[in-house]
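*Asks:* Dropping the structure in here first, questions after.
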Amino acid sequence: MHPLISVIIPVYKVEAYIAKCVDSVLSQTYANIEIILVDDGSPDGCYKICEDYVQKDHRVKVIHKENGGLSSARNAGLDIARGEYIGFVDSDDYIAADMYQKLLEAIKKEKADLAICDTVVIYEKEDVEVYKPLKDETLNKFEAFEALLDGFNVITVWNKLYSKHIFKNLRFPDGRIHEDEFIVHRVFNACAKIVTISDKLYYYVKRQGGIMLSGYTLKRLDAWYAFYDRYLFFRDNVDKRQAKIVYRCCYEIIMTALQKIDMSVSENKKVISTLFWRTFFGLLRNGDLRAGKLLLVKIKGIYSFLKNIRSYALFISYESCRKLQKKVKQKRIIIFNIPEHGNIGDIAIAVAEYLNLSDYIKQEQICQITNKVYLSCFKHFYKSITNNDVIMIHGGGFLGTLWISEEEICRDIIQRFPDNKIIIFPQTIYFEDSEYGKEQLEISKNIWQSHRNLYVCLRERNSYEFVIENMVGGNFNNAYLIPDIVLYLNKSLPNLEREGVLFCFRKDKEKVFSEHDFTRLTKTVLELKESIVISDTVIDKPVRLKEHEAEFEKKINEFKSAKLVITDRLHGMIFAAITGTPCIAFNNLSKKVEGVYDFIDYLDYIVFVQSIDEALQYMERLLNMGRQKYDNAPLMPYFRLLAQLVEENV
């Protein structure tokens with residue numbers, strides 16, 4: 001017997017995403033499904049797309065309704081769903097082909113009411129984030145309540161398959177966002193047994209323009225009401241200890257609102273003040289010491305004073321910040337946006353930037369300002385910077401909408417220093433092809449063109465041509481094609497003993513490997529009697545500025561210890577190049593690898609391939625090449641040009 005599964009997909013302003021979403025549901029290995037597309041008054045081309053799918057496949061139904069929000073759309077789908085089981089997919093996400101088959105099998109095997117799969121979170125066409133993984137286990141509702149206290153994957157609506165009876169007397173709260181938070185505890189309460197599976201089957205795309213990335217407004221305070229409702233539910237039906245933990249979320253939400261919402265607006269002040277006092281007295285009733293901290297925030301003078309002390313302490317803890325305080329006769333180079341996260345590719349860029357500048361100017365003239373310090377302590381060093389100082393912005397791949405918060409910092413720096421020379425180290429730039437992307441491109445274009453002394457370096461031709469086509473004009477025409485700055489480094493000496501093959505592959509939607517391809521590569525390596533080492537250019541911990549070189553060297557030694565590197569990561573290929581390690585490099589979907597490879601195609605130990613078959617042809621020859629010496633002489637004219645841009649003012 002194959003019970004019907006109803007999959008409800010709310011549709012609103014997702015013209016560029018909906019086809020991938022619906023196609024992923026239609027391609028399910030479990031065929032007995034009905035797809036309910038709920039067009040929530042979308043003003044773009046979604047109406048026609050929905051109707052086209054109705055014609056393509058008899059399993060698709062569509063509801064066209066006035067805009068009422070995500071909850072309203074899901075409720076409309078529930079009202080007509082015929083399936084014995086219910087699933088939800090957001091229209092800008094997509095799912096694995098076997099998601100519903102595996103979820104249904106899990107329900108039947110464990111005689112459960114609800115099945116939950118693991119999730120991969122994708123930040124538009126770039127690196128993924130995988131949340132705390134799920135285990136293969138079966139829970140009763142009280143165990144699920146406990147898991148709810150710290151698990152993202154159990155909260156969301158869409159990575160689940162529900163028995164229809166769960167929604168017999170349950171609907172999403174109309175007019176609210178954070179609708180998942182409002183109902184998840186009531187969903188669990190309707191279940192006798194819940195099964196979780198570790199397979200990562202749902203792909204959640206965090207896109208700019210999505211509800212949760214659209215800025216902080218009073219609407220985000222819906223989360224407070226959601227957690228307060230859960231607090232009352234836990235207090236009355238579950239456990240007072242767990243209820244107290246839930247109430248702390250109300251505290252965190254109010255703290256965030258006080259920092260991010262303009263309290264000079266009377267409506268904002270009225271709404272937040274009401275929730276503030278409700279939260280404060282609730283914390284007192286629970287005997288929670290956070291009540292005191294919350295009250296301290298309310299007394300703005302004391303809080304501002306303490307915050308300023310903390311900010312200054314952070315500022316003076318950085319050597320580069322202390323350099324800024326000193327009166328010097330020489331002009332300084334101030335590099336902003338230095339990272340302290342775990343992406344070793346970005347860390348390598350920061351190391352290379354510093355060493356590159358050190359070869360041309362004195363180290364005491366170089367000041368590195370981390371992203372954290374810039375955001376927290378700007379007022380402490382702003383007045384220390386003179387118009388003669390050269391401002392530089394860290395390189396990498398964050399210009400554009402892919403990492404909009406980083407783009408906004410870049411804009412802020414350009415606008416704050418209108419009279420300084422500003423140089424952006426080699427970057428990749430990407431603006432999504434949507435109304436949002438065009439709007440953001442226009443903002444950046446105007447800021448660039450308003451600065452009379454801005455120089456931007458692009459690390460691959462696609463980005464360079466994009467800037468030439470879209471940004472040049474007015475007062476701005478200073479774009480330069482310069483390789484990724486890490487290629488300035490030569491790490492091929494000293495030699496290390498080499499053995500085995502290092503695999504360094506992406507795990508996000510830019511990856512090019514299927515499981516079948518990976519198996520073929522693995523089998524071939526083992527047939528050649530070589531060991532396999534799995535690595536990545538991202539580590540799971542922050543890396544402070546003073547730790548940059550040590551963590552970079554640790555990763556470099558991994559690459560230097562391999563006979564061969566096989567990778568689809570940009571800095572995987574670059575690390576192989578600078579360590580003299582033979583490498584087979586695959587493209588990723590954004591084509592960054594191919595763009596940078598154009599600069600190093602003269603290195604015969606680095607091979608760029610388009611397919612597994614092509615890679616297998618090169619493998620044995622590259623394994624037998626042995627140690628190589630990295631020669632970056634052909635790239636030095638580019639880096640010399642970058643140095644000249646700096647030296648002209650120093």
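Just remember, in the structure tokens the first chain shown is A, the second B, etc., residues are 1-based per chain, and ligands are 1-based in the order shown.
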So that I can see what lies close to A:Lys445, please list as a compact mmCIF listing (two decimals) with C-alpha atoms, in the first residue's frame the residues with an atom at most 12 Å from it, counting only C-alpha atoms and leaving out residues fewer than 2 positions away in the same chain.

*Replies:*
```
# COMPACT_ATOMS: atom_id res chain seq x y z
CA LEU A 399 31.73 41.76 -2.72
CA GLY A 400 28.11 41.84 -3.85
CA GLU A 407 29.39 44.23 1.29
CA ARG A 411 30.39 50.40 1.54
CA ILE A 414 34.33 53.74 1.42
CA PHE A 431 25.31 40.37 -7.56
CA GLY A 437 20.42 42.17 -6.79
CA LYS A 438 19.86 45.06 -9.19
CA GLU A 439 18.85 47.34 -6.35
CA GLN A 440 21.98 46.47 -4.34
CA LEU A 441 24.20 46.82 -7.42
CA GLU A 442 22.91 50.34 -7.96
CA ILE A 443 23.68 51.25 -4.33
CA ILE A 447 29.06 54.64 -3.68
CA TRP A 448 32.02 53.52 -5.82
CA GLN A 449 31.52 56.31 -8.33
CA SER A 450 31.23 58.95 -5.63
CA HIS A 451 34.72 58.18 -4.31
CA LEU A 454 39.06 54.17 -5.05
CA PHE A 466 31.46 42.46 -14.53
CA VAL A 467 32.99 45.56 -12.91
CA ILE A 468 34.02 47.00 -16.28
CA GLU A 469 30.50 46.48 -17.62
CA ASN A 470 28.50 47.52 -14.57
CA MET A 471 30.58 49.76 -12.30
CA VAL A 472 32.87 51.80 -14.53
CA GLY A 473 31.63 55.27 -15.28
CA GLY A 474 31.43 58.68 -13.69
CA ASN A 475 34.44 59.15 -11.43
CA PHE A 476 35.25 55.45 -11.08
CA ASN A 477 37.34 53.56 -13.61
```

*Asks:* I'd like the neighbourhood of A:Ile393 as a list in words, where a residue qualifies if any of its atoms comes within 6 Å (using only C-alpha atoms), though same-chain residues fewer than 4 positions away should be ignored.

*Replies:* Ile335, Phe336 and Ile424 of chain A

*Asks:* Could you work out how far atom CA of A:Arg59 lies from atom CA of A:Ile33, giving the answer in Å with one decimal?

*Replies:*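 The value is 6.7 Å.
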
*Asks:* Ranking A:Val7, A:Asn140, A:Leu37, A:Arg285 by minimum distance to A:Arg82 and counting only C-alpha atoms, which one comes first?

*Replies:* A:Val7

*Asks:* Neighbouring residues of A:Tyr228 were defined as those with any atom within 9 Å, considering only C-alpha atoms; residues of the same chain fewer than 6 positions away were excluded. Please report them as an NGL selection string.

*Replies:* :A and (246-247 or 249-250)

*Asks:* With a distance cut-off of 9 Å and only C-alpha atoms, select the neighbouring residues of A:Ile261, excluding the residue or stretch itself and same-chain residues fewer than 6 positions from it, and output the selection as a list of chain:residue names.

*Replies:*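 Here the qualifying residues turn out to be A:Tyr216, A:Thr217, A:Leu218, A:Asn268, A:Lys269, A:Ile272.
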
*Asks:* Would you mind exporting N, CA and C atoms of the selected residues as a short mmCIF file (atom, residue, chain, number, x, y, z; two decimals), in the first residue's frame?

*Replies:*
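The resulting file, result_24.cif, is shown below:
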```cif
data_model
loop_
_atom_site.label_atom_id
_atom_site.label_comp_id
_atom_site.auth_asym_id
_atom_site.auth_seq_id
_atom_site.Cartn_x
_atom_site.Cartn_y
_atom_site.Cartn_z
N TYR A 216 15.90 44.04 10.71
CA TYR A 216 15.23 43.85 12.00
C TYR A 216 14.17 44.92 12.18
N THR A 217 12.92 44.49 12.24
CA THR A 217 11.79 45.40 12.44
C THR A 217 10.95 44.89 13.61
N LEU A 218 9.92 45.66 13.95
CA LEU A 218 9.01 45.22 15.02
C LEU A 218 8.38 43.86 14.72
N ASN A 268 7.72 52.26 18.15
CA ASN A 268 8.72 51.26 18.55
C ASN A 268 8.89 51.24 20.07
N LYS A 269 9.01 52.43 20.64
CA LYS A 269 9.22 52.54 22.09
C LYS A 269 8.05 51.96 22.87
N ILE A 272 8.08 47.93 22.43
CA ILE A 272 9.21 47.28 23.09
C ILE A 272 9.15 47.48 24.60
#
```

*Asks:* DSSP on the backbone, then: every residue of stretch 343-518 of chain A marked strand (DSSP E), written as a PyMOL selection string.

*Replies:* chain A and resi 366-370+390-393+396-400+422-430+454-458+479-481+501-504

*Asks:* Between A:Met99, A:Leu622, A:Ala291, A:Ile245, which has the minimum distance to A:Ser198 (counting only C-alpha atoms)?

*Replies:*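 The answer is A:Met99, which sits nearest to A:Ser198.
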
*Asks:* Taking only C-alpha atoms into account, which of A:Asn75, A:Ser24, A:Thr522, A:Thr119 comes nearest A:Asp98?

*Replies:*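 Looking at the shortest contact to A:Asp98, the residue is A:Ser24.
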
*Asks:* Go through A:Val25, A:Leu458, A:Val596, A:Ile556 one by one, measure the shortest atom-to-atom distance of each to A:Tyr94 using only C-alpha atoms, and give the residue with the smallest value.

*Replies:*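 Closest to A:Tyr94 of all the choices is A:Val25.
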
*Asks:* For A:Ile183, work out the shell of residues within 9 Å, counting only C-alpha atoms and skipping chain neighbours fewer than 4 positions away, then give it as a list in words.

*Replies:*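 Contacts, in chain order: Val157, Leu170, Arg171, Phe172, Pro173, Glu179, Val187, Phe188, Ala226 and Arg230 of chain A.
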
*Asks:* For the selection you just gave me, I'd like the residues written to a file as an mmCIF file, in the first residue's frame, keeping N, CA, C and O atoms.

*Replies:*
```
data_model
loop_
_atom_site.group_PDB
_atom_site.id
_atom_site.type_symbol
_atom_site.label_atom_id
_atom_site.label_comp_id
_atom_site.auth_asym_id
_atom_site.auth_seq_id
_atom_site.Cartn_x
_atom_site.Cartn_y
_atom_site.Cartn_z
ATOM 1 N N VAL A 157 9.509 23.730 10.100
ATOM 2 C CA VAL A 157 8.318 23.031 9.614
ATOM 3 C C VAL A 157 8.642 22.073 8.475
ATOM 4 O O VAL A 157 8.061 21.001 8.349
ATOM 5 N N LEU A 170 -5.046 21.855 14.507
ATOM 6 C CA LEU A 170 -3.888 22.743 14.597
ATOM 7 C C LEU A 170 -3.689 23.493 13.286
ATOM 8 O O LEU A 170 -3.743 22.894 12.202
ATOM 9 N N ARG A 171 -3.477 24.804 13.384
ATOM 10 C CA ARG A 171 -3.179 25.611 12.202
ATOM 11 C C ARG A 171 -2.071 26.612 12.555
ATOM 12 O O ARG A 171 -1.790 26.880 13.723
ATOM 13 N N PHE A 172 -1.450 27.150 11.517
ATOM 14 C CA PHE A 172 -0.394 28.145 11.699
ATOM 15 C C PHE A 172 -1.022 29.495 12.074
ATOM 16 O O PHE A 172 -2.145 29.804 11.647
ATOM 17 N N PRO A 173 -0.317 30.315 12.858
ATOM 18 C CA PRO A 173 -0.878 31.602 13.311
ATOM 19 C C PRO A 173 -0.888 32.637 12.189
ATOM 20 O O PRO A 173 0.163 33.097 11.742
ATOM 21 N N GLU A 179 6.512 31.433 12.371
ATOM 22 C CA GLU A 179 5.384 30.528 12.554
ATOM 23 C C GLU A 179 5.827 29.139 13.008
ATOM 24 O O GLU A 179 5.085 28.435 13.705
ATOM 25 N N VAL A 187 2.874 20.513 17.765
ATOM 26 C CA VAL A 187 3.041 19.365 16.856
ATOM 27 C C VAL A 187 3.562 18.170 17.641
ATOM 28 O O VAL A 187 3.025 17.058 17.550
ATOM 29 N N PHE A 188 4.617 18.372 18.422
ATOM 30 C CA PHE A 188 5.196 17.267 19.192
ATOM 31 C C PHE A 188 4.199 16.717 20.204
ATOM 32 O O PHE A 188 4.159 15.511 20.461
ATOM 33 N N ALA A 226 5.904 33.889 20.232
ATOM 34 C CA ALA A 226 6.015 32.445 19.991
ATOM 35 C C ALA A 226 6.672 31.754 21.185
ATOM 36 O O ALA A 226 6.191 30.716 21.663
ATOM 37 N N ARG A 230 5.224 29.145 24.076
ATOM 38 C CA ARG A 230 5.873 27.861 24.394
ATOM 39 C C ARG A 230 6.218 27.792 25.877
ATOM 40 O O ARG A 230 6.121 26.729 26.496
#
```

*Asks:* Determine, using only C-alpha atoms, which residues of stretch 520-577 of chain A have any atom at most 9 Å from an atom of stretch 624-639 of chain A, and tabulate each with its shortest atom pair and distance in Å to one decimal place, rows ordered by chain and then rising number, as a Markdown table.

*Replies:*
```
| residue | atom | partner | partner_atom | distance |
| --- | --- | --- | --- | --- |
| A:Lys563 | CA | A:Gly626 | CA | 6.7 |
| A:Leu564 | CA | A:Gly626 | CA | 8.9 |
| A:Ala577 | CA | A:Tyr630 | CA | 6.5 |
```

*Asks:* Output all heavy atoms of each residue in that selection to a file, as an mmCIF file, in the first residue's frame.

*Replies:*
```cif
data_model
loop_
_atom_site.group_PDB
_atom_site.id
_atom_site.type_symbol
_atom_site.label_atom_id
_atom_site.label_comp_id
_atom_site.auth_asym_id
_atom_site.auth_seq_id
_atom_site.Cartn_x
_atom_site.Cartn_y
_atom_site.Cartn_z
ATOM 1 N N LYS A 563 51.075 13.474 -1.750
ATOM 2 C CA LYS A 563 51.641 13.270 -3.086
ATOM 3 C C LYS A 563 50.787 13.971 -4.143
ATOM 4 O O LYS A 563 51.287 14.435 -5.165
ATOM 5 C CB LYS A 563 51.684 11.776 -3.428
ATOM 6 C CG LYS A 563 52.767 10.975 -2.757
ATOM 7 C CD LYS A 563 52.716 9.558 -3.330
ATOM 8 C CE LYS A 563 53.740 8.657 -2.672
ATOM 9 N NZ LYS A 563 53.648 7.279 -3.207
ATOM 10 N N LEU A 564 49.482 14.003 -3.870
ATOM 11 C CA LEU A 564 48.532 14.541 -4.849
ATOM 12 C C LEU A 564 47.345 15.126 -4.106
ATOM 13 O O LEU A 564 46.875 14.571 -3.108
ATOM 14 C CB LEU A 564 48.060 13.431 -5.803
ATOM 15 C CG LEU A 564 46.930 13.777 -6.787
ATOM 16 C CD1 LEU A 564 47.397 14.807 -7.815
ATOM 17 C CD2 LEU A 564 46.428 12.519 -7.488
ATOM 18 N N ALA A 577 49.175 24.647 -5.312
ATOM 19 C CA ALA A 577 50.106 25.367 -6.187
ATOM 20 C C ALA A 577 51.285 25.917 -5.407
ATOM 21 O O ALA A 577 52.445 25.711 -5.770
ATOM 22 C CB ALA A 577 49.371 26.491 -6.914
#
```

*Asks:* Got a sec: who's within 12 Å of A:Arg241, counting only C-alpha atoms, leaving out chain neighbours fewer than 2 positions off, as a PDB file with N, CA, C and O atoms, in the first residue's frame?

*Replies:*
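Once written, part-v1.pdb looks like this:
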```
ATOM      1  N   PHE A 145      10.591  17.325  23.334  1.00  0.00           N
ATOM      2  CA  PHE A 145      10.578  18.641  23.982  1.00  0.00           C
ATOM      3  C   PHE A 145      11.984  19.009  24.462  1.00  0.00           C
ATOM      4  O   PHE A 145      12.418  20.159  24.343  1.00  0.00           O
ATOM      5  N   GLU A 146      12.712  18.051  25.011  1.00  0.00           N
ATOM      6  CA  GLU A 146      14.076  18.291  25.486  1.00  0.00           C
ATOM      7  C   GLU A 146      14.980  18.669  24.318  1.00  0.00           C
ATOM      8  O   GLU A 146      15.786  19.602  24.401  1.00  0.00           O
ATOM      9  N   LEU A 149      15.019  22.290  22.910  1.00  0.00           N
ATOM     10  CA  LEU A 149      15.717  23.368  23.600  1.00  0.00           C
ATOM     11  C   LEU A 149      17.008  23.774  22.917  1.00  0.00           C
ATOM     12  O   LEU A 149      17.494  24.883  23.111  1.00  0.00           O
ATOM     13  N   TYR A 231       6.627  28.926  26.440  1.00  0.00           N
ATOM     14  CA  TYR A 231       6.930  28.967  27.878  1.00  0.00           C
ATOM     15  C   TYR A 231       5.705  28.563  28.704  1.00  0.00           C
ATOM     16  O   TYR A 231       5.796  27.733  29.612  1.00  0.00           O
ATOM     17  N   PHE A 234       5.047  24.813  28.277  1.00  0.00           N
ATOM     18  CA  PHE A 234       5.988  23.983  29.033  1.00  0.00           C
ATOM     19  C   PHE A 234       5.713  24.082  30.534  1.00  0.00           C
ATOM     20  O   PHE A 234       5.791  23.092  31.259  1.00  0.00           O
ATOM     21  N   ARG A 235       5.385  25.300  30.996  1.00  0.00           N
ATOM     22  CA  ARG A 235       5.123  25.496  32.426  1.00  0.00           C
ATOM     23  C   ARG A 235       3.936  24.669  32.896  1.00  0.00           C
ATOM     24  O   ARG A 235       3.961  24.073  33.979  1.00  0.00           O
ATOM     25  N   ASP A 236       2.906  24.618  32.052  1.00  0.00           N
ATOM     26  CA  ASP A 236       1.654  23.974  32.465  1.00  0.00           C
ATOM     27  C   ASP A 236       1.594  22.495  32.118  1.00  0.00           C
ATOM     28  O   ASP A 236       0.825  21.748  32.739  1.00  0.00           O
ATOM     29  N   ASN A 237       2.396  22.058  31.108  1.00  0.00           N
ATOM     30  CA  ASN A 237       2.226  20.690  30.613  1.00  0.00           C
ATOM     31  C   ASN A 237       3.482  19.830  30.651  1.00  0.00           C
ATOM     32  O   ASN A 237       3.381  18.606  30.515  1.00  0.00           O
ATOM     33  N   VAL A 238       4.645  20.460  30.803  1.00  0.00           N
ATOM     34  CA  VAL A 238       5.874  19.676  30.653  1.00  0.00           C
ATOM     35  C   VAL A 238       6.704  19.730  31.930  1.00  0.00           C
ATOM     36  O   VAL A 238       6.631  18.854  32.779  1.00  0.00           O
ATOM     37  N   ASP A 239       7.495  20.800  32.078  1.00  0.00           N
ATOM     38  CA  ASP A 239       8.474  20.838  33.160  1.00  0.00           C
ATOM     39  C   ASP A 239       8.871  22.285  33.396  1.00  0.00           C
ATOM     40  O   ASP A 239       9.174  23.017  32.458  1.00  0.00           O
ATOM     41  N   ALA A 243      10.684  25.132  31.056  1.00  0.00           N
ATOM     42  CA  ALA A 243       9.964  26.386  30.818  1.00  0.00           C
ATOM     43  C   ALA A 243      10.878  27.579  31.077  1.00  0.00           C
ATOM     44  O   ALA A 243      10.883  28.558  30.323  1.00  0.00           O
ATOM     45  N   LYS A 244      11.685  27.498  32.136  1.00  0.00           N
ATOM     46  CA  LYS A 244      12.610  28.578  32.465  1.00  0.00           C
ATOM     47  C   LYS A 244      13.640  28.775  31.346  1.00  0.00           C
ATOM     48  O   LYS A 244      13.979  29.907  30.980  1.00  0.00           O
ATOM     49  N   ILE A 245      14.116  27.679  30.775  1.00  0.00           N
ATOM     50  CA  ILE A 245      15.076  27.762  29.662  1.00  0.00           C
ATOM     51  C   ILE A 245      14.428  28.428  28.452  1.00  0.00           C
ATOM     52  O   ILE A 245      15.031  29.268  27.783  1.00  0.00           O
ATOM     53  N   VAL A 246      13.177  28.068  28.178  1.00  0.00           N
ATOM     54  CA  VAL A 246      12.458  28.671  27.048  1.00  0.00           C
ATOM     55  C   VAL A 246      12.302  30.172  27.264  1.00  0.00           C
ATOM     56  O   VAL A 246      12.474  30.973  26.332  1.00  0.00           O
ATOM     57  N   TYR A 247      12.025  30.578  28.506  1.00  0.00           N
ATOM     58  CA  TYR A 247      11.786  31.999  28.775  1.00  0.00           C
ATOM     59  C   TYR A 247      13.030  32.842  28.522  1.00  0.00           C
ATOM     60  O   TYR A 247      12.937  34.034  28.231  1.00  0.00           O
ATOM     61  N   ARG A 248      14.206  32.235  28.635  1.00  0.00           N
ATOM     62  CA  ARG A 248      15.436  32.970  28.352  1.00  0.00           C
ATOM     63  C   ARG A 248      15.474  33.442  26.901  1.00  0.00           C
ATOM     64  O   ARG A 248      16.150  34.421  26.579  1.00  0.00           O
ATOM     65  N   ASN A 286      10.784  33.764  37.790  1.00  0.00           N
ATOM     66  CA  ASN A 286      11.553  32.530  37.605  1.00  0.00           C
ATOM     67  C   ASN A 286      12.834  32.511  38.429  1.00  0.00           C
ATOM     68  O   ASN A 286      13.596  31.540  38.379  1.00  0.00           O
ATOM     69  N   GLY A 287      13.107  33.605  39.166  1.00  0.00           N
ATOM     70  CA  GLY A 287      14.341  33.678  39.937  1.00  0.00           C
ATOM     71  C   GLY A 287      15.574  33.724  39.056  1.00  0.00           C
ATOM     72  O   GLY A 287      16.650  33.245  39.438  1.00  0.00           O
ATOM     73  N   ASP A 288      15.440  34.311  37.879  1.00  0.00           N
ATOM     74  CA  ASP A 288      16.526  34.338  36.899  1.00  0.00           C
ATOM     75  C   ASP A 288      17.304  35.646  37.031  1.00  0.00           C
ATOM     76  O   ASP A 288      16.742  36.744  36.930  1.00  0.00           O
TER      77      ASP A 288
END
```

*Asks:* Tell me which protein, DNA and RNA residues are within 9 Å of A:Val533, counting only C-alpha atoms, leaving out same-chain ones fewer than 2 positions away, and put them as a VMD selection string.

*Replies:* chain A and resid 500 to 504 531 535 562

*Asks:* Could you tell me how far atom CA of A:Met392 lies from atom CA of A:Asn588, in Å and to one decimal?

*Replies:*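 Going from atom CA of A:Met392 over to atom CA of A:Asn588, I get 28.7 Å.
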
*Asks:* Where does DSSP see helix (DSSP H, G or I) in stretch 111-252 of chain A, if you list the residues as an MDAnalysis selection string?

*Replies:* chainID A and resid 141:148 152:154 164:167 179:189 211:213 218:237 240:252
